[in-house]
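Participant: Got final_24.cif for you, mmCIF, C-alpha atoms and all ligand atoms:
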data_upload
loop_
_atom_site.label_atom_id
_atom_site.label_comp_id
_atom_site.auth_asym_id
_atom_site.auth_seq_id
_atom_site.Cartn_x
_atom_site.Cartn_y
_atom_site.Cartn_z
CA MET C 24 30.31 85.99 -47.35
CA PRO C 25 29.48 87.38 -50.81
CA GLU C 26 31.22 90.59 -51.72
CA LYS C 27 32.29 92.50 -54.83
CA THR C 28 34.93 95.07 -55.54
CA ILE C 29 32.98 98.14 -56.57
CA ASN C 30 34.51 101.51 -57.42
CA GLY C 31 37.71 100.50 -55.58
CA SER C 32 35.99 99.37 -52.35
CA THR C 33 34.56 96.09 -51.11
CA ILE C 34 30.79 95.92 -50.96
CA HIS C 35 29.31 93.08 -48.93
CA TYR C 36 25.81 91.90 -49.67
CA ILE C 37 23.32 89.17 -48.84
CA GLU C 38 21.38 87.47 -51.60
CA ALA C 39 18.33 85.21 -51.28
CA GLY C 40 15.64 83.81 -53.55
CA GLN C 41 15.11 83.82 -57.28
CA GLY C 42 13.09 85.92 -59.68
CA LYS C 43 13.06 89.60 -60.48
CA PRO C 44 15.68 91.49 -58.44
CA VAL C 45 14.75 93.54 -55.38
CA VAL C 46 17.49 95.65 -53.77
CA LEU C 47 17.06 96.95 -50.22
CA VAL C 48 19.30 99.79 -49.04
CA HIS C 49 19.72 100.53 -45.34
CA GLY C 50 19.69 103.84 -43.48
CA PHE C 51 22.15 105.70 -41.26
CA PRO C 52 24.15 104.56 -39.27
CA LEU C 53 23.03 101.05 -39.92
CA ASP C 54 23.64 98.11 -42.23
CA GLY C 55 21.76 95.40 -44.08
CA ARG C 56 20.69 93.76 -40.83
CA ILE C 57 17.74 96.16 -40.57
CA TRP C 58 16.05 94.19 -43.40
CA ALA C 59 16.36 90.81 -41.67
CA GLY C 60 12.60 90.69 -41.08
CA GLN C 61 11.72 91.15 -44.76
CA ILE C 62 14.21 88.95 -46.63
CA LYS C 63 12.52 85.57 -46.18
CA ARG C 64 9.06 86.74 -47.21
CA LEU C 65 10.32 88.60 -50.28
CA ALA C 66 12.69 85.79 -51.28
CA GLU C 67 9.71 83.44 -51.69
CA ARG C 68 9.12 85.19 -54.98
CA TYR C 69 12.00 87.58 -55.73
CA ARG C 70 15.77 87.68 -55.90
CA VAL C 71 16.52 89.83 -52.87
CA ILE C 72 19.85 91.67 -52.65
CA VAL C 73 20.72 93.46 -49.42
CA PRO C 74 24.03 95.35 -49.53
CA ASP C 75 25.98 97.12 -46.82
CA LEU C 76 26.73 100.65 -48.07
CA HIS C 77 30.29 102.00 -48.43
CA GLY C 78 32.16 101.29 -45.18
CA PHE C 79 29.09 100.09 -43.25
CA GLY C 80 28.52 96.61 -41.86
CA SER C 81 30.89 94.14 -43.51
CA SER C 82 31.72 96.44 -46.46
CA ARG C 83 35.24 97.87 -46.37
CA ALA C 84 36.39 101.20 -47.76
CA ALA C 85 39.35 103.52 -47.47
CA ASP C 86 38.00 106.70 -49.06
CA PRO C 87 35.11 109.08 -48.34
CA SER C 88 31.76 108.60 -50.04
CA SER C 89 29.11 110.90 -51.47
CA MET C 90 25.44 110.31 -52.21
CA GLN C 91 26.39 109.99 -55.89
CA SER C 92 29.15 107.48 -55.14
CA MET C 93 26.87 105.38 -52.92
CA ALA C 94 24.19 105.32 -55.65
CA SER C 95 26.86 104.40 -58.19
CA ASP C 96 28.08 101.59 -55.89
CA MET C 97 24.58 100.13 -55.63
CA HIS C 98 24.00 100.39 -59.37
CA GLU C 99 27.39 98.87 -60.20
CA LEU C 100 26.85 96.05 -57.69
CA CYS C 101 23.57 95.18 -59.42
CA ALA C 102 25.23 95.45 -62.84
CA GLN C 103 27.94 92.99 -61.73
CA LEU C 104 25.25 90.66 -60.35
CA ASN C 105 23.29 90.89 -63.61
CA ALA C 106 20.39 92.21 -61.55
CA LEU C 107 19.18 95.18 -63.60
CA PRO C 108 16.59 96.57 -63.91
CA ALA C 109 15.63 96.17 -60.25
CA ALA C 110 13.00 97.21 -57.77
CA VAL C 111 14.88 99.47 -55.38
CA GLY C 112 13.93 100.08 -51.76
CA GLY C 113 15.64 102.43 -49.35
CA LEU C 114 15.00 103.41 -45.75
CA SER C 115 15.83 106.99 -44.79
CA MET C 116 19.45 107.50 -45.99
CA GLY C 117 18.81 104.44 -48.16
CA GLY C 118 15.94 106.44 -49.67
CA TYR C 119 18.35 109.30 -50.43
CA VAL C 120 20.55 106.73 -52.20
CA ALA C 121 17.54 105.35 -54.10
CA MET C 122 16.51 108.84 -55.26
CA GLN C 123 20.06 109.58 -56.38
CA TRP C 124 20.11 106.25 -58.21
CA TYR C 125 16.87 107.21 -59.93
CA ARG C 126 18.38 110.56 -60.89
CA ASP C 127 21.50 108.94 -62.39
CA TYR C 128 20.30 105.60 -63.79
CA ARG C 129 16.50 105.75 -63.97
CA ALA C 130 16.21 103.20 -66.78
CA ASP C 131 17.51 100.57 -64.36
CA ILE C 132 14.80 101.12 -61.72
CA ALA C 133 11.53 99.32 -62.38
CA ALA C 134 9.85 100.16 -59.07
CA LEU C 135 10.73 102.27 -56.03
CA MET C 136 10.05 101.72 -52.35
CA LEU C 137 10.81 104.80 -50.24
CA LEU C 138 10.60 104.12 -46.52
CA ASP C 139 10.80 106.76 -43.78
CA THR C 140 12.70 109.21 -45.95
CA ARG C 141 12.51 112.67 -47.49
CA ALA C 142 13.31 114.38 -50.80
CA GLN C 143 14.45 117.70 -49.35
CA ALA C 144 18.13 118.46 -48.89
CA ASP C 145 19.38 119.37 -45.41
CA THR C 146 18.47 122.81 -44.09
CA LEU C 147 21.28 125.05 -42.83
CA GLN C 148 20.41 123.90 -39.32
CA GLY C 149 20.44 120.29 -40.47
CA LYS C 150 23.87 120.75 -42.06
CA ALA C 151 25.20 122.23 -38.81
CA GLY C 152 23.82 119.19 -36.99
CA ARG C 153 25.75 116.90 -39.35
CA ASP C 154 28.97 118.79 -38.58
CA GLN C 155 28.31 118.47 -34.85
CA MET C 156 27.78 114.76 -35.21
CA VAL C 157 31.02 114.39 -37.17
CA LYS C 158 32.76 116.02 -34.19
CA LEU C 159 30.92 113.71 -31.79
CA VAL C 160 31.92 110.52 -33.59
CA GLU C 161 35.53 111.69 -33.97
CA SER C 162 35.84 112.69 -30.32
CA GLN C 163 33.67 110.13 -28.53
CA GLY C 164 33.19 107.24 -30.93
CA THR C 165 30.29 105.36 -32.40
CA ARG C 166 28.60 104.43 -29.12
CA ALA C 167 28.08 108.15 -28.40
CA VAL C 168 26.40 108.54 -31.81
CA ALA C 169 24.19 105.53 -31.13
CA ASP C 170 23.25 107.01 -27.73
CA ALA C 171 22.45 110.39 -29.31
CA LEU C 172 20.28 108.95 -32.09
CA MET C 173 18.49 106.26 -30.16
CA GLU C 174 15.67 108.36 -28.74
CA LYS C 175 14.23 109.31 -32.15
CA MET C 176 14.61 105.97 -33.88
CA LEU C 177 11.72 104.00 -32.44
CA ALA C 178 8.14 104.79 -31.51
CA PRO C 179 8.21 105.68 -27.77
CA GLU C 180 6.14 102.67 -26.74
CA ASN C 181 8.47 100.30 -28.57
CA PHE C 182 11.43 101.06 -26.29
CA VAL C 183 9.52 99.10 -23.65
CA ALA C 184 7.32 96.81 -25.75
CA LYS C 185 10.22 95.83 -28.03
CA GLY C 186 13.21 96.08 -25.72
CA GLU C 187 15.14 93.45 -27.67
CA VAL C 188 14.68 95.41 -30.92
CA ALA C 189 15.95 98.56 -29.17
CA ARG C 190 18.99 96.67 -27.89
CA GLN C 191 19.73 95.23 -31.35
CA LEU C 192 19.32 98.61 -33.02
CA HIS C 193 21.74 100.26 -30.60
CA GLN C 194 24.21 97.45 -31.13
CA ILE C 195 24.00 97.82 -34.96
CA MET C 196 24.60 101.59 -34.74
CA ALA C 197 27.46 101.30 -32.24
CA SER C 198 29.15 98.57 -34.32
CA GLN C 199 29.71 100.82 -37.39
CA SER C 200 33.12 102.33 -38.10
CA VAL C 201 33.93 105.95 -37.31
CA ASP C 202 34.86 106.46 -40.95
CA ALA C 203 31.57 105.13 -42.33
CA ILE C 204 29.65 107.40 -39.98
CA ARG C 205 31.60 110.57 -40.70
CA TRP C 206 31.74 109.99 -44.45
CA SER C 207 28.00 109.37 -44.68
CA LEU C 208 27.23 112.40 -42.50
CA VAL C 209 29.10 114.57 -44.99
CA ALA C 210 27.41 112.75 -47.90
CA MET C 211 23.97 113.46 -46.38
CA ARG C 212 24.90 117.06 -45.54
CA ASP C 213 25.97 117.72 -49.14
CA ARG C 214 23.30 115.70 -50.94
CA LEU C 215 21.25 117.33 -53.68
CA ASP C 216 17.65 118.30 -53.13
CA SER C 217 15.41 115.75 -54.85
CA GLY C 218 12.22 117.83 -54.67
CA ALA C 219 12.29 118.65 -58.38
CA LEU C 220 13.02 115.03 -59.24
CA LEU C 221 9.76 113.74 -57.81
CA ALA C 222 7.52 114.87 -60.68
CA SER C 223 9.73 112.94 -63.09
CA ILE C 224 9.46 109.63 -61.23
CA SER C 225 7.35 107.50 -63.53
CA CYS C 226 7.74 103.99 -62.08
CA PRO C 227 5.35 102.50 -59.50
CA THR C 228 6.40 103.83 -56.09
CA LEU C 229 5.52 102.68 -52.59
CA LEU C 230 5.85 105.24 -49.80
CA LEU C 231 5.97 103.61 -46.40
CA PHE C 232 6.13 105.56 -43.14
CA GLY C 233 5.92 104.69 -39.45
CA GLN C 234 2.90 106.23 -37.72
CA TYR C 235 5.08 107.72 -34.99
CA ASP C 236 8.23 108.42 -37.03
CA ALA C 237 9.83 111.41 -35.27
CA ILE C 238 12.43 111.98 -38.00
CA THR C 239 10.34 111.63 -41.17
CA PRO C 240 6.66 111.71 -40.11
CA PRO C 241 3.86 110.42 -42.36
CA SER C 242 3.06 114.00 -43.40
CA ILE C 243 6.26 113.81 -45.48
CA GLY C 244 4.85 110.68 -47.10
CA GLU C 245 1.71 112.63 -47.99
CA GLN C 246 3.85 115.32 -49.67
CA LEU C 247 5.75 112.69 -51.62
CA GLN C 248 2.49 111.03 -52.63
CA SER C 249 1.12 114.25 -54.07
CA ALA C 250 4.36 114.80 -56.05
CA ILE C 251 4.98 111.28 -57.43
CA ALA C 252 2.39 110.28 -60.02
CA ARG C 253 2.20 106.50 -59.61
CA SER C 254 2.71 106.39 -55.84
CA GLN C 255 0.81 104.93 -52.95
CA LEU C 256 1.28 105.67 -49.27
CA GLN C 257 1.13 103.13 -46.51
CA VAL C 258 1.44 104.08 -42.85
CA ILE C 259 2.70 101.36 -40.53
CA ALA C 260 0.78 101.50 -37.26
CA ASP C 261 2.67 101.70 -33.96
CA ALA C 262 6.07 102.10 -35.63
CA GLY C 263 8.63 104.91 -35.51
CA HIS C 264 11.54 105.56 -37.92
CA ILE C 265 12.98 102.05 -38.18
CA THR C 266 9.80 100.43 -39.39
CA THR C 267 11.60 97.37 -40.77
CA MET C 268 12.72 96.35 -37.28
CA GLU C 269 9.75 97.59 -35.29
CA LYS C 270 7.07 95.98 -37.46
CA PRO C 271 8.92 93.40 -39.57
CA HIS C 272 5.88 91.38 -40.63
CA ASP C 273 3.73 94.39 -41.54
CA VAL C 274 6.56 95.91 -43.58
CA ALA C 275 7.34 92.59 -45.30
CA GLN C 276 3.67 92.22 -46.22
CA ALA C 277 3.42 95.80 -47.49
CA LEU C 278 6.52 95.39 -49.68
CA ARG C 279 5.33 92.04 -50.93
CA ASP C 280 1.82 93.30 -51.77
CA PHE C 281 3.28 96.28 -53.60
CA LEU C 282 5.79 94.21 -55.58
CA ASP C 283 3.24 91.51 -56.46
CA ALA C 284 0.83 94.14 -57.80
CA SER C 285 3.28 96.51 -59.50
CA TYR C 286 6.50 94.76 -60.49
C1 LIG S 1 18.52 107.56 -41.40
O1 LIG S 1 17.79 106.85 -40.69
O2 LIG S 1 19.10 107.10 -42.38
C2 LIG S 1 18.70 109.00 -41.01
O3 LIG S 1 17.68 109.40 -40.15
C3 LIG S 1 18.78 109.90 -42.21
C4 LIG S 1 19.14 111.29 -41.84
O4 LIG S 1 19.77 111.51 -40.80
O5 LIG S 1 18.83 112.22 -42.61
#
Could you render the structure as structure tokens?
Facilitator:
Amino acid sequence: MPEKTINGSTIHYIEAGQGKPVVLVHGFPLDGRIWAGQIKRLAERYRVIVPDLHGFGSSRAADPSSMQSMASDMHELCAQLNALPAAVGGLSMGGYVAMQWYRDYRADIAALMLLDTRAQADTLQGKAGRDQMVKLVESQGTRAVADALMEKMLAPENFVAKGEVARQLHQIMASQSVDAIRWSLVAMRDRLDSGALLASISCPTLLLFGQYDAITPPSIGEQLQSAIARSQLQVIADAGHITTMEKPHDVAQALRDFLDASY
């Protein structure tokens, strides 16, 4: 399995295809498996790199992370792979990482794909929720976190219509380490607000949101669209928060169309 030592930790990644690099960053508390439905289609034309963030999936880490350190990891991984500048996509927490990457190393991002994410920092209530979830994972483990998050992850109808996707998603969440979950909860709680960054984003940007996303609804995509100059919004019908797993073909096509036209 390909991996690199990055900032003192081991980052695992999948690589497929050839061409301009496209990096896809997963959300919380997930790993690169959420992009399984997009890799083949994108790899027909691009060099697709799908990492597992600090401590998630097959990546191994011994120290806490921050949003800045996760962005630095992704940037350094691409530097080691000679894959810069890149088109960078991120779903939800992966979008927070992508925005931090843009803040810190914007010259190395040629196009952005922000899926089911937001620019705002956590509210006070949101921060308290992160602290509660840290307690939950420490006291009851990762399955309890997966149980608690499950309800908001998919469009309601997809729990029945896509039972296998729901089962897989729960399994991916429950399989993460306690450390990865608690470190990333603190990283999200303490992340910077990216609202002021949006007006400075000058690369082509795709905003992709699930129609029934209960965590980051399409109205957030509309706000991002009005703030980012060269952006376009696409709403994925009949999908919730984890669009990549709920509607893999539609998302793959949307990413591909965007990249073919803009990158
Ligand atoms: C995610 O899917 O990454 C999370 O919903 C992000 C968050 O909790 O803010």
Participant: As a count of residues only, please: every protein or nucleic acid residue near ligand LIG 1 (chain S) (cut-off 7 Å, counting only C-alpha atoms and all ligand atoms).
Facilitator: 10
Participant: Please provide the set of residues having any atom within 7 Å of stretch 92-100 of chain C, restricted to all atoms listed in the file, with same-chain residues fewer than 5 positions apart removed, written as a PDB file with C-alpha atoms, in the coordinates of the input.
Facilitator:
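See out_26.pdb below for the written result:
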ATOM      1  CA  ILE C  29      32.980  98.140 -56.570  1.00  0.00           C
ATOM      2  CA  ASN C  30      34.510 101.510 -57.420  1.00  0.00           C
ATOM      3  CA  LEU C  76      26.730 100.650 -48.070  1.00  0.00           C
ATOM      4  CA  HIS C  77      30.290 102.000 -48.430  1.00  0.00           C
ATOM      5  CA  VAL C 120      20.550 106.730 -52.200  1.00  0.00           C
ATOM      6  CA  ALA C 121      17.540 105.350 -54.100  1.00  0.00           C
ATOM      7  CA  GLN C 123      20.060 109.580 -56.380  1.00  0.00           C
ATOM      8  CA  TRP C 124      20.110 106.250 -58.210  1.00  0.00           C
TER       9      TRP C 124
END
Participant: Could you work out how far atom CA of C:Tyr235 lies from atom CA of C:Asp261, giving the answer in Å with one decimal?
Facilitator: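 Separation of atom CA of C:Asp261 and atom CA of C:Tyr235: 6.6 Å.
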Participant: Name the residues in contact with C:Ala171 at a cut-off of 12 Å, using all atoms listed in the file, excluding same-chain residues fewer than 2 positions from it; report them as a PyMOL selection string.
Facilitator: chain C and resi 52+152+155-156+159-160+163-169+173-176+193+196-197
Participant: Report, in Å with one decimal, the straight-line distance from atom CA of C:Gly31 to atom CA of C:Ala66.
Facilitator: 29.3 Å
